[in-house]
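A.B. asks: Sending over a structure as structure tokens; questions will come in a sec.
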Amino acid sequence: MKRLIIFLMLLLPIVAMAQSGLYKTYASRQNLTVAQVSGFKLSESQRVDVVIIVADDDATWKQLAKELNIKGEAGSVSWLGDVDKPVQRVKWSSAPVLRVVASPARRTIAFYRINTEAQYDALLDYQLNNMNQAK
Amino acid sequence: MTENEFDMLWQRAEAEGYGKRLAAEYPLWRQKRRRAVSMVTALLIVVTVAMSLFTTQLRQSRDYEKVYCNRVGTTDAQWASLAAEMLLE
């Protein structure tokens, strides 16, 4: 029994380490449902980590939209954001970036962490292929 | 002799300096015990390798590897589906 407890105690920090800073930042906030999809498959060889935030009510969404400088109520908004400060819009570089997609209608924001150029290309291909299929 | 009794005897023998004599007197018991420990260890290794192979295959076949969520109520597959939908918004 003691060994099991020690094993679980060792396992806990490993699980916590797998959660991104972005997930941890928002997961503790009230009225937000936060999920991290690790290894989301873009193609056979490329996977990315995604953090999704869903505001439970309009007031929470307005607050979140204000924090992330999201304007407008219709359609969706997307930008490349800084990894440490997603509100900050950046241009594509080889450094890790976040592809942020916000949907005011769904009160949802998704952050796709892109670490490499191959992942960036795979993300664009994924959008292109699936949009073509949807049409 | 039970395992606990042998352990106590063994510790006392080690402390009092006649461990070698005890080992000579109970060679079969020690051999049996070592074999049991080896078998359990081997079994653990096999199970761990099999589980890691199985989970790796399972992960590769899915659209996602792992999902963490601060609330219950939505399945992992639903979150992965939302991640896909948001890219097509």
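The way I read the labels, and the way they are meant: chains A, B, ... in the order of the structure tokens, residue 1 as the first residue of every chain, and ligand 1 as the first ligand shown, with later ones counted on from there.
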Check every residue of chain B for an atom within 6 Å of chain A, counting only C-alpha atoms, and provide those that qualify as number ranges by chain.

C.D. replies: B: 63-70

A.B. asks: So which residues touch range 3-10 of chain B within 9 Å, counting only C-alpha atoms, skipping near sequence neighbours fewer than 5 positions away, as a ChimeraX atom specification?

C.D. replies: /B:15,19,22-23,33

A.B. asks: I'd like the contact shell of Asn115 in chain A - 9 Å cut-off, only C-alpha atoms, skipping same-chain residues fewer than 3 positions apart - returned as a PyMOL selection string.

C.D. replies: chain A and resi 48+94-98+118-120

A.B. asks: Mind writing the picked residues with C-alpha atoms as an mmCIF file, in the first residue's frame?

C.D. replies:
```cif
data_model
loop_
_atom_site.group_PDB
_atom_site.id
_atom_site.type_symbol
_atom_site.label_atom_id
_atom_site.label_comp_id
_atom_site.auth_asym_id
_atom_site.auth_seq_id
_atom_site.Cartn_x
_atom_site.Cartn_y
_atom_site.Cartn_z
ATOM 1 C CA VAL A 48 0.035 19.600 -32.162
ATOM 2 C CA SER A 94 10.585 29.683 -36.691
ATOM 3 C CA ALA A 95 10.038 30.257 -32.965
ATOM 4 C CA PRO A 96 7.051 28.503 -31.315
ATOM 5 C CA VAL A 97 3.800 30.392 -31.899
ATOM 6 C CA LEU A 98 0.126 29.902 -31.171
ATOM 7 C CA ALA A 118 6.367 21.437 -40.605
ATOM 8 C CA GLN A 119 3.556 21.745 -38.065
ATOM 9 C CA TYR A 120 2.644 25.163 -39.458
#
```

A.B. asks: Apply DSSP to the structure's backbone, then extract all residues of chain A labelled strand (DSSP E or B) and return them as a PyMOL selection string.

C.D. replies: chain A and resi 32-41+47-55+77-82+89+97-103+108-114

A.B. asks: So that I have them on file, write out the residues from the current selection with C-alpha atoms, as an mmCIF file, in the first residue's frame.

C.D. replies:
```cif
data_model
loop_
_atom_site.group_PDB
_atom_site.id
_atom_site.type_symbol
_atom_site.label_atom_id
_atom_site.label_comp_id
_atom_site.auth_asym_id
_atom_site.auth_seq_id
_atom_site.Cartn_x
_atom_site.Cartn_y
_atom_site.Cartn_z
ATOM 1 C CA LEU A 32 -14.470 28.618 -17.913
ATOM 2 C CA THR A 33 -14.353 25.079 -19.220
ATOM 3 C CA VAL A 34 -10.815 24.354 -20.313
ATOM 4 C CA ALA A 35 -9.471 21.326 -22.148
ATOM 5 C CA GLN A 36 -6.068 20.410 -23.503
ATOM 6 C CA VAL A 37 -6.024 18.031 -26.446
ATOM 7 C CA SER A 38 -2.462 16.731 -26.581
ATOM 8 C CA GLY A 39 -1.196 15.308 -29.860
ATOM 9 C CA PHE A 40 -4.074 16.480 -32.031
ATOM 10 C CA LYS A 41 -3.470 14.830 -35.398
ATOM 11 C CA ARG A 47 0.540 16.471 -34.276
ATOM 12 C CA VAL A 48 0.035 19.600 -32.162
ATOM 13 C CA ASP A 49 -1.222 20.408 -28.691
ATOM 14 C CA VAL A 50 -4.469 22.368 -28.510
ATOM 15 C CA VAL A 51 -5.943 24.256 -25.573
ATOM 16 C CA ILE A 52 -9.646 25.024 -25.846
ATOM 17 C CA ILE A 53 -11.456 27.479 -23.613
ATOM 18 C CA VAL A 54 -15.231 27.696 -23.499
ATOM 19 C CA ALA A 55 -16.900 30.522 -21.569
ATOM 20 C CA VAL A 77 -11.285 35.678 -35.507
ATOM 21 C CA SER A 78 -7.856 34.151 -35.849
ATOM 22 C CA TRP A 79 -4.302 35.279 -35.391
ATOM 23 C CA LEU A 80 -0.799 34.096 -34.601
ATOM 24 C CA GLY A 81 -0.076 34.811 -30.964
ATOM 25 C CA ASP A 82 2.965 34.855 -28.757
ATOM 26 C CA ARG A 89 -0.208 39.272 -32.316
ATOM 27 C CA VAL A 97 3.800 30.392 -31.899
ATOM 28 C CA LEU A 98 0.126 29.902 -31.171
ATOM 29 C CA ARG A 99 -2.511 29.802 -33.886
ATOM 30 C CA VAL A 100 -5.471 31.275 -32.045
ATOM 31 C CA VAL A 101 -9.001 30.808 -33.357
ATOM 32 C CA ALA A 102 -11.866 32.514 -31.542
ATOM 33 C CA SER A 103 -15.542 31.971 -32.198
ATOM 34 C CA THR A 108 -14.900 29.377 -27.602
ATOM 35 C CA ILE A 109 -11.203 30.018 -28.177
ATOM 36 C CA ALA A 110 -8.739 27.398 -29.417
ATOM 37 C CA PHE A 111 -4.955 27.750 -29.152
ATOM 38 C CA TYR A 112 -2.887 25.497 -31.436
ATOM 39 C CA ARG A 113 0.735 25.387 -30.379
ATOM 40 C CA ILE A 114 3.035 25.323 -33.396
#
```

A.B. asks: Let's see if you can do this: from backbone DSSP, list all helix (DSSP H, G or I) residues in range 3-118 of chain A, as an MDAnalysis selection string.

C.D. replies: chainID A and resid 3:18 21:27 58:67 117:118

A.B. asks: Which distance in Å separates CA of Met86 in chain B and CA of Thr25 in chain A, to one decimal?

C.D. replies: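 Going from CA of Met86 in chain B over to CA of Thr25 in chain A covers 20.8 Å.
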
A.B. asks: How many Å lie between CA of Leu53 in chain B and CA of Gly73 in chain B, rounded to one decimal?

C.D. replies: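 For CA of Leu53 in chain B relative to CA of Gly73 in chain B, the distance reads 29.2 Å.
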
A.B. asks: One decimal, in Å: what's the spacing between CA of Pro86 in chain A and CA of Leu68 in chain A?

C.D. replies: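 A separation of 7.3 Å between them.
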